[in-house]
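Printed here is final39.cif (mmCIF, C-alpha atoms, pLDDT in the B column; chains and numbers go by the auth columns):
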data_coords
#
loop_
_atom_site.group_PDB
_atom_site.id
_atom_site.type_symbol
_atom_site.label_atom_id
_atom_site.label_comp_id
_atom_site.label_asym_id
_atom_site.label_seq_id
_atom_site.Cartn_x
_atom_site.Cartn_y
_atom_site.Cartn_z
_atom_site.B_iso_or_equiv
_atom_site.auth_seq_id
_atom_site.auth_asym_id
ATOM 1 C CA MET A 1 -62.084 1.945 152.096 57.00 15 A
ATOM 2 C CA ILE A 2 -58.593 0.383 152.165 61.00 16 A
ATOM 3 C CA ALA A 3 -59.627 -2.260 149.604 60.00 17 A
ATOM 4 C CA TYR A 4 -60.666 0.459 147.168 56.00 18 A
ATOM 5 C CA GLY A 5 -58.063 3.165 147.819 64.00 19 A
ATOM 6 C CA THR A 6 -54.920 1.268 148.793 72.00 20 A
ATOM 7 C CA PRO A 7 -55.408 -2.469 148.285 70.00 21 A
ATOM 8 C CA SER A 8 -51.696 -3.060 148.795 71.00 22 A
ATOM 9 C CA ASP A 9 -52.249 -2.147 152.470 74.00 23 A
ATOM 10 C CA LEU A 10 -54.772 -4.947 153.031 70.00 24 A
ATOM 11 C CA PRO A 11 -53.777 -7.732 155.431 79.00 25 A
ATOM 12 C CA LEU A 12 -53.646 -10.683 153.036 69.00 26 A
ATOM 13 C CA PRO A 13 -52.279 -14.229 153.200 74.00 27 A
ATOM 14 C CA ALA A 14 -48.817 -14.445 151.619 74.00 28 A
ATOM 15 C CA ASP A 15 -49.912 -16.361 148.510 79.00 29 A
ATOM 16 C CA VAL A 16 -52.812 -13.983 147.838 69.00 30 A
ATOM 17 C CA ARG A 17 -50.558 -10.940 148.379 69.00 31 A
ATOM 18 C CA TYR A 18 -48.023 -12.382 145.941 68.00 32 A
ATOM 19 C CA GLU A 19 -50.594 -13.031 143.202 74.00 33 A
ATOM 20 C CA HIS A 20 -52.592 -9.815 143.515 67.00 34 A
ATOM 21 C CA ILE A 21 -50.007 -7.292 144.735 66.00 35 A
ATOM 22 C CA ALA A 22 -46.395 -8.401 144.193 65.00 36 A
ATOM 23 C CA ALA A 23 -46.340 -10.577 141.067 66.00 37 A
ATOM 24 C CA HIS A 24 -46.657 -9.628 137.393 70.00 38 A
ATOM 25 C CA PRO A 25 -50.421 -10.328 137.145 71.00 39 A
ATOM 26 C CA SER A 26 -51.085 -7.540 139.651 72.00 40 A
ATOM 27 C CA GLY A 27 -50.354 -4.796 137.142 70.00 41 A
ATOM 28 C CA TYR A 28 -48.683 -2.651 139.788 79.00 42 A
ATOM 29 C CA GLY A 29 -45.912 -0.588 138.231 87.00 43 A
ATOM 30 C CA LEU A 30 -47.248 -0.952 134.684 92.00 44 A
ATOM 31 C CA ARG A 31 -49.958 1.704 134.994 90.00 45 A
ATOM 32 C CA GLU A 32 -47.464 4.161 136.443 92.00 46 A
ATOM 33 C CA ALA A 33 -45.015 3.315 133.679 96.00 47 A
ATOM 34 C CA VAL A 34 -47.348 3.786 130.708 95.00 48 A
ATOM 35 C CA ARG A 35 -48.825 6.961 132.159 95.00 49 A
ATOM 36 C CA SER A 36 -45.355 8.506 132.380 95.00 50 A
ATOM 37 C CA LEU A 37 -43.896 7.334 129.053 96.00 51 A
ATOM 38 C CA GLY A 38 -44.261 10.852 127.652 95.00 52 A
ATOM 39 C CA ASP A 39 -41.827 12.064 130.316 96.00 53 A
ATOM 40 C CA TRP A 40 -39.126 9.636 129.176 97.00 54 A
ATOM 41 C CA VAL A 41 -39.608 8.872 125.484 96.00 55 A
ATOM 42 C CA THR A 42 -37.773 11.622 123.599 95.00 56 A
ATOM 43 C CA ARG A 43 -37.643 9.910 120.202 93.00 57 A
ATOM 44 C CA PRO A 44 -41.271 9.950 119.018 88.00 58 A
ATOM 45 C CA ASN A 45 -40.762 7.577 116.074 94.00 59 A
ATOM 46 C CA VAL A 46 -38.982 4.906 118.127 97.00 60 A
ATOM 47 C CA PRO A 47 -41.288 2.193 119.490 97.00 61 A
ATOM 48 C CA VAL A 48 -41.637 1.161 123.116 98.00 62 A
ATOM 49 C CA ILE A 49 -41.453 -2.638 123.184 98.00 63 A
ATOM 50 C CA ALA A 50 -43.164 -4.382 126.093 98.00 64 A
ATOM 51 C CA SER A 51 -40.826 -7.146 127.236 97.00 65 A
ATOM 52 C CA MET A 52 -43.426 -8.966 129.303 96.00 66 A
ATOM 53 C CA PHE A 53 -46.284 -11.400 128.878 94.00 67 A
ATOM 54 C CA PRO A 54 -48.681 -10.207 126.146 95.00 68 A
ATOM 55 C CA ASP A 55 -51.649 -10.030 128.535 93.00 69 A
ATOM 56 C CA SER A 56 -49.699 -7.683 130.824 94.00 70 A
ATOM 57 C CA CYS A 57 -48.940 -5.449 127.842 96.00 71 A
ATOM 58 C CA ARG A 58 -52.569 -5.343 126.764 95.00 72 A
ATOM 59 C CA ARG A 59 -53.696 -4.448 130.315 92.00 73 A
ATOM 60 C CA ALA A 60 -51.046 -1.726 130.510 94.00 74 A
ATOM 61 C CA ASN A 61 -52.206 -0.229 127.208 96.00 75 A
ATOM 62 C CA PHE A 62 -55.673 0.322 128.718 93.00 76 A
ATOM 63 C CA GLU A 63 -53.951 2.975 130.864 91.00 77 A
ATOM 64 C CA ALA A 64 -51.742 4.376 128.089 90.00 78 A
ATOM 65 C CA GLN A 65 -52.110 7.964 127.077 87.00 79 A
ATOM 66 C CA ALA A 66 -50.221 9.367 124.061 88.00 80 A
ATOM 67 C CA ILE A 67 -47.706 6.523 123.789 95.00 81 A
ATOM 68 C CA ARG A 68 -48.762 2.890 123.583 96.00 82 A
ATOM 69 C CA LEU A 69 -46.645 -0.198 124.136 97.00 83 A
ATOM 70 C CA VAL A 70 -45.869 -2.584 121.283 98.00 84 A
ATOM 71 C CA CYS A 71 -47.039 -5.957 122.560 97.00 85 A
ATOM 72 C CA THR A 72 -45.071 -9.068 121.668 96.00 86 A
ATOM 73 C CA ASP A 73 -44.280 -12.426 123.259 93.00 87 A
ATOM 74 C CA ALA A 74 -41.804 -12.212 126.133 94.00 88 A
ATOM 75 C CA PRO A 75 -38.959 -11.481 126.004 97.00 89 A
ATOM 76 C CA GLY A 76 -39.475 -9.722 122.656 97.00 90 A
ATOM 77 C CA ILE A 77 -35.935 -10.084 121.304 97.00 91 A
ATOM 78 C CA GLU A 78 -37.084 -10.196 117.662 97.00 92 A
ATOM 79 C CA ALA A 79 -39.095 -6.940 117.993 97.00 93 A
ATOM 80 C CA ILE A 80 -36.194 -5.295 119.843 97.00 94 A
ATOM 81 C CA ASN A 81 -33.707 -6.281 117.138 97.00 95 A
ATOM 82 C CA THR A 82 -36.068 -5.127 114.369 97.00 96 A
ATOM 83 C CA SER A 83 -36.385 -1.695 115.969 97.00 97 A
ATOM 84 C CA LEU A 84 -32.627 -1.456 116.463 97.00 98 A
ATOM 85 C CA ARG A 85 -32.102 -2.198 112.751 96.00 99 A
ATOM 86 C CA GLU A 86 -34.834 0.193 111.571 97.00 100 A
ATOM 87 C CA HIS A 87 -34.386 3.064 114.038 97.00 101 A
ATOM 88 C CA GLY A 88 -30.961 2.550 115.596 97.00 102 A
ATOM 89 C CA ALA A 89 -32.683 2.584 118.984 98.00 103 A
ATOM 90 C CA VAL A 90 -35.606 1.155 120.929 98.00 104 A
ATOM 91 C CA TYR A 91 -37.314 1.734 124.250 98.00 105 A
ATOM 92 C CA VAL A 92 -37.987 -1.408 126.259 98.00 106 A
ATOM 93 C CA LEU A 93 -40.308 -1.674 129.237 98.00 107 A
ATOM 94 C CA THR A 94 -39.330 -4.834 131.087 97.00 108 A
ATOM 95 C CA ASP A 95 -41.337 -6.752 133.645 94.00 109 A
ATOM 96 C CA THR A 96 -39.639 -9.197 136.011 91.00 110 A
ATOM 97 C CA ALA A 97 -36.416 -9.502 134.020 92.00 111 A
ATOM 98 C CA PRO A 98 -34.719 -11.848 133.317 93.00 112 A
ATOM 99 C CA LEU A 99 -37.413 -14.329 134.416 91.00 113 A
ATOM 100 C CA ILE A 100 -40.040 -12.887 132.026 93.00 114 A
ATOM 101 C CA GLY A 101 -38.661 -9.739 130.391 95.00 115 A
ATOM 102 C CA VAL A 102 -35.347 -9.495 128.599 97.00 116 A
ATOM 103 C CA ASP A 103 -32.113 -8.887 130.492 96.00 117 A
ATOM 104 C CA VAL A 104 -31.101 -5.801 128.515 95.00 118 A
ATOM 105 C CA THR A 105 -27.630 -5.799 130.055 92.00 119 A
ATOM 106 C CA ALA A 106 -26.931 -9.081 128.223 94.00 120 A
ATOM 107 C CA LEU A 107 -27.682 -7.551 124.803 94.00 121 A
ATOM 108 C CA THR A 108 -24.981 -6.093 122.560 93.00 122 A
ATOM 109 C CA THR A 109 -26.390 -2.575 122.763 94.00 123 A
ATOM 110 C CA ARG A 110 -25.815 0.508 124.846 96.00 124 A
ATOM 111 C CA ALA A 111 -28.504 0.291 127.533 97.00 125 A
ATOM 112 C CA SER A 112 -29.573 3.273 129.627 97.00 126 A
ATOM 113 C CA GLN A 113 -32.010 2.829 132.474 97.00 127 A
ATOM 114 C CA LEU A 114 -34.521 5.682 132.197 98.00 128 A
ATOM 115 C CA ALA A 115 -37.082 4.998 134.932 98.00 129 A
ATOM 116 C CA ILE A 116 -37.979 2.495 137.626 97.00 130 A
ATOM 117 C CA PHE A 117 -41.516 1.630 138.755 96.00 131 A
ATOM 118 C CA PRO A 118 -41.473 -0.435 141.977 93.00 132 A
ATOM 119 C CA ARG A 119 -44.443 -2.521 143.000 88.00 133 A
ATOM 120 C CA PRO A 120 -45.644 -2.442 146.616 85.00 134 A
ATOM 121 C CA GLY A 121 -42.919 -3.973 148.766 83.00 135 A
ATOM 122 C CA GLU A 122 -40.179 -3.378 146.178 88.00 136 A
ATOM 123 C CA THR A 123 -37.411 -0.818 146.275 90.00 137 A
ATOM 124 C CA GLU A 124 -35.786 0.951 143.351 92.00 138 A
ATOM 125 C CA ALA A 125 -32.944 -1.571 143.585 93.00 139 A
ATOM 126 C CA ASP A 126 -35.224 -4.581 143.051 91.00 140 A
ATOM 127 C CA ALA A 127 -38.105 -3.074 141.053 93.00 141 A
ATOM 128 C CA SER A 128 -39.791 -5.404 138.585 93.00 142 A
ATOM 129 C CA VAL A 129 -40.882 -2.777 136.061 96.00 143 A
ATOM 130 C CA VAL A 130 -38.054 -0.812 134.394 97.00 144 A
ATOM 131 C CA LEU A 131 -37.918 1.417 131.310 98.00 145 A
ATOM 132 C CA TRP A 132 -34.753 1.232 129.187 98.00 146 A
ATOM 133 C CA GLU A 133 -33.449 2.991 126.128 98.00 147 A
ATOM 134 C CA LEU A 134 -31.297 0.783 123.914 98.00 148 A
ATOM 135 C CA VAL A 135 -29.068 2.175 121.186 97.00 149 A
ATOM 136 C CA ALA A 136 -27.448 0.079 118.483 95.00 150 A
ATOM 137 C CA PRO A 137 -23.669 -0.252 118.749 88.00 151 A
#
Let me see the structure of the file written as structure tokens.
Amino acid sequence: MIAYGTPSDLPLPADVRYEHIAAHPSGYGLREAVRSLGDWVTRPNVPVIASMFPDSCRRANFEAQAIRLVCTDAPGIEAINTSLREHGAVYVLTDTAPLIGVDVTALTTRASQLAIFPRPGETEADASVVLWELVAP
């Protein structure tokens, strides 16, 4: 029952736990993020760019409800800049930044952290999946 209901509680070897629970391929954090986008996205015409590997974005969109992620190659700087030019703002869902996703704090925009989605074993301070709102300067 643990394997089905709470797989993150399974006793696993460290490398298996990393791949299937803690690392980006696990999908943990992404489902929670896309299911709650409607709680955070207040500008309906502004896209939500997925700053992650494209396969992670596509998997996350299987769980999406009203709002879907715009998939691009990580880190997605070109799509982010396009949205900033066209809309003056953009939402960015990052995964494992700055290793995979963009470090939004290094961009020349006003960045507001909207929500944090920790994976099993993470805290809010070190969560891999984070939703940001960026506004053009």
If you measure from CA of Gly135 in chain A to CA of Pro39 in chain A, what distance in Å do you get, rounded to one decimal? 15.2 Å
Find, counting only C-alpha atoms, the residue in A:Ala139, A:Leu44, A:Ile114, A:Ala150 that gets nearest to Arg73 in chain A.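 Among A:Ala139, A:Leu44, A:Ile114, A:Ala150, it is A:Leu44 that comes nearest to Arg73 in chain A.
With CA of Ala80 in chain A on one side and CA of Asn95 in chain A on the other, the separation reads 23.8 Å.
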The residue from A:Ala111, A:Leu148, A:Ile81, A:Ala141 with the smallest atom-to-atom distance to Gln127 in chain A, counting all atoms listed in the file, is A:Leu148
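Among the candidate residues A:Asp23, A:Val144, A:Pro61, A:Pro151, the one lying nearest to Pro112 in chain A is A:Val144, with distances computed using only C-alpha atoms.
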Residue nearest Pro68 in chain A among A:Ala93, A:Val116, A:Val104, A:Ala88 (counting all atoms listed in the file):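 Closest residue, counting all atoms listed in the file: A:Ala88.
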Answer key for the PyMOL selection byres ((chain A and resi 62) around 10), residues as an NGL selection string: :A and (48 or 51 or 55 or 58-61 or 63-65 or 81-85 or 93-94 or 97 or 103-107 or 145-147)
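Across the structure, CA of Gly90 in chain A and CA of Ser126 in chain A are spaced 17.8 Å apart.
In this comparison, which uses all atoms listed in the file, the residue of A:Gly115, A:Gly52, A:Gly43, A:Pro89 approaching Thr137 in chain A most closely is A:Gly43.
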Assuming 5 Å of padding per side, give the centre and edge lengths of the axis-aligned box around every listed atom of range 128-147 of chain A, in Å to one decimal and as AutoDock Vina command-line options.
--center_x -39.3 --center_y 0.1 --center_z 137.4 --size_x 22.7 --size_y 21.1 --size_z 32.6
Extract range 70-107 of chain A from the coordinates I pasted, and write it as a short mmCIF file (atom, residue, chain, number, x, y, z; two decimals), in the first residue's frame (atoms kept: N, CA, C and O atoms).
data_model
loop_
_atom_site.label_atom_id
_atom_site.label_comp_id
_atom_site.auth_asym_id
_atom_site.auth_seq_id
_atom_site.Cartn_x
_atom_site.Cartn_y
_atom_site.Cartn_z
N SER A 70 9.78 17.29 -18.77
CA SER A 70 9.15 17.59 -17.48
C SER A 70 7.92 18.46 -17.68
O SER A 70 6.88 18.26 -17.05
N CYS A 71 8.01 19.42 -18.57
CA CYS A 71 6.88 20.30 -18.87
C CYS A 71 5.72 19.51 -19.46
O CYS A 71 4.57 19.67 -19.05
N ARG A 72 6.02 18.64 -20.41
CA ARG A 72 4.96 17.85 -21.03
C ARG A 72 4.28 16.95 -20.00
O ARG A 72 3.05 16.82 -19.99
N ARG A 73 5.06 16.32 -19.12
CA ARG A 73 4.46 15.48 -18.06
C ARG A 73 3.60 16.33 -17.13
O ARG A 73 2.52 15.91 -16.72
N ALA A 74 4.07 17.51 -16.78
CA ALA A 74 3.30 18.38 -15.89
C ALA A 74 1.97 18.78 -16.54
O ALA A 74 0.94 18.82 -15.87
N ASN A 75 1.98 19.04 -17.83
CA ASN A 75 0.76 19.45 -18.52
C ASN A 75 -0.31 18.35 -18.56
O ASN A 75 -1.48 18.64 -18.75
N PHE A 76 0.09 17.09 -18.36
CA PHE A 76 -0.91 16.02 -18.24
C PHE A 76 -1.80 16.25 -17.02
O PHE A 76 -2.94 15.81 -16.99
N GLU A 77 -1.26 16.93 -16.01
CA GLU A 77 -2.00 17.20 -14.77
C GLU A 77 -2.64 18.59 -14.77
O GLU A 77 -3.36 18.92 -13.84
N ALA A 78 -2.36 19.39 -15.78
CA ALA A 78 -2.86 20.77 -15.80
C ALA A 78 -4.37 20.79 -15.89
O ALA A 78 -4.99 19.90 -16.47
N GLN A 79 -4.93 21.84 -15.33
CA GLN A 79 -6.37 22.01 -15.39
C GLN A 79 -6.68 23.17 -16.33
O GLN A 79 -6.55 23.02 -17.53
N ALA A 80 -7.06 24.31 -15.86
CA ALA A 80 -7.43 25.43 -16.73
C ALA A 80 -6.22 26.10 -17.37
O ALA A 80 -6.31 26.63 -18.48
N ILE A 81 -5.09 26.09 -16.70
CA ILE A 81 -3.90 26.80 -17.19
C ILE A 81 -2.83 25.78 -17.52
O ILE A 81 -2.46 24.95 -16.68
N ARG A 82 -2.30 25.86 -18.73
CA ARG A 82 -1.25 24.95 -19.16
C ARG A 82 0.08 25.70 -19.25
O ARG A 82 0.11 26.90 -19.53
N LEU A 83 1.15 24.97 -19.04
CA LEU A 83 2.49 25.53 -19.16
C LEU A 83 2.88 25.66 -20.62
O LEU A 83 2.50 24.84 -21.45
N VAL A 84 3.67 26.68 -20.93
CA VAL A 84 4.29 26.83 -22.24
C VAL A 84 5.64 26.13 -22.17
O VAL A 84 6.52 26.53 -21.41
N CYS A 85 5.77 25.05 -22.93
CA CYS A 85 6.99 24.25 -22.89
C CYS A 85 8.03 24.84 -23.84
O CYS A 85 7.71 25.24 -24.97
N THR A 86 9.26 24.89 -23.38
CA THR A 86 10.37 25.39 -24.17
C THR A 86 11.62 24.66 -23.70
O THR A 86 11.56 23.89 -22.75
N ASP A 87 12.74 24.87 -24.34
CA ASP A 87 13.99 24.29 -23.86
C ASP A 87 14.47 25.08 -22.64
O ASP A 87 14.39 26.31 -22.62
N ALA A 88 14.98 24.37 -21.65
CA ALA A 88 15.53 25.02 -20.46
C ALA A 88 16.73 25.85 -20.86
O ALA A 88 17.50 25.44 -21.72
N PRO A 89 16.90 27.03 -20.33
CA PRO A 89 16.11 27.65 -19.28
C PRO A 89 14.94 28.50 -19.78
O PRO A 89 14.18 29.02 -18.99
N GLY A 90 14.77 28.65 -21.09
CA GLY A 90 13.61 29.35 -21.62
C GLY A 90 13.73 30.86 -21.67
O GLY A 90 12.74 31.57 -21.72
N ILE A 91 14.95 31.36 -21.68
CA ILE A 91 15.18 32.82 -21.66
C ILE A 91 14.50 33.52 -22.84
O ILE A 91 13.89 34.57 -22.67
N GLU A 92 14.57 32.94 -24.03
CA GLU A 92 13.98 33.58 -25.20
C GLU A 92 12.46 33.72 -25.03
O GLU A 92 11.89 34.77 -25.30
N ALA A 93 11.78 32.67 -24.57
CA ALA A 93 10.33 32.72 -24.36
C ALA A 93 9.98 33.71 -23.25
O ALA A 93 8.99 34.44 -23.34
N ILE A 94 10.80 33.77 -22.22
CA ILE A 94 10.58 34.72 -21.12
C ILE A 94 10.68 36.15 -21.64
O ILE A 94 9.81 36.99 -21.39
N ASN A 95 11.74 36.43 -22.39
CA ASN A 95 11.93 37.78 -22.93
C ASN A 95 10.84 38.16 -23.91
O ASN A 95 10.39 39.31 -23.93
N THR A 96 10.37 37.22 -24.72
CA THR A 96 9.28 37.49 -25.66
C THR A 96 8.02 37.89 -24.90
O THR A 96 7.35 38.87 -25.25
N SER A 97 7.70 37.15 -23.85
CA SER A 97 6.50 37.48 -23.07
C SER A 97 6.65 38.82 -22.37
O SER A 97 5.69 39.60 -22.31
N LEU A 98 7.83 39.12 -21.87
CA LEU A 98 8.05 40.42 -21.23
C LEU A 98 7.84 41.56 -22.22
O LEU A 98 7.24 42.58 -21.88
N ARG A 99 8.31 41.38 -23.46
CA ARG A 99 8.11 42.41 -24.49
C ARG A 99 6.63 42.54 -24.87
O ARG A 99 6.12 43.64 -25.01
N GLU A 100 5.95 41.41 -25.03
CA GLU A 100 4.57 41.42 -25.52
C GLU A 100 3.54 41.75 -24.43
O GLU A 100 2.52 42.36 -24.73
N HIS A 101 3.80 41.32 -23.21
CA HIS A 101 2.81 41.46 -22.14
C HIS A 101 3.28 42.33 -20.97
O HIS A 101 2.48 42.66 -20.10
N GLY A 102 4.56 42.63 -20.93
CA GLY A 102 5.10 43.39 -19.81
C GLY A 102 5.28 42.54 -18.56
O GLY A 102 5.73 43.04 -17.52
N ALA A 103 4.95 41.26 -18.66
CA ALA A 103 5.06 40.36 -17.52
C ALA A 103 5.10 38.92 -18.03
O ALA A 103 4.80 38.64 -19.20
N VAL A 104 5.46 38.01 -17.16
CA VAL A 104 5.45 36.59 -17.46
C VAL A 104 5.47 35.82 -16.14
O VAL A 104 6.04 36.29 -15.15
N TYR A 105 4.80 34.69 -16.13
CA TYR A 105 4.93 33.75 -15.01
C TYR A 105 5.95 32.71 -15.43
O TYR A 105 5.98 32.29 -16.58
N VAL A 106 6.79 32.31 -14.48
CA VAL A 106 7.81 31.31 -14.77
C VAL A 106 7.78 30.25 -13.68
O VAL A 106 7.90 30.58 -12.49
N LEU A 107 7.60 29.00 -14.09
CA LEU A 107 7.68 27.88 -13.17
C LEU A 107 9.05 27.25 -13.37
O LEU A 107 9.33 26.71 -14.44
#
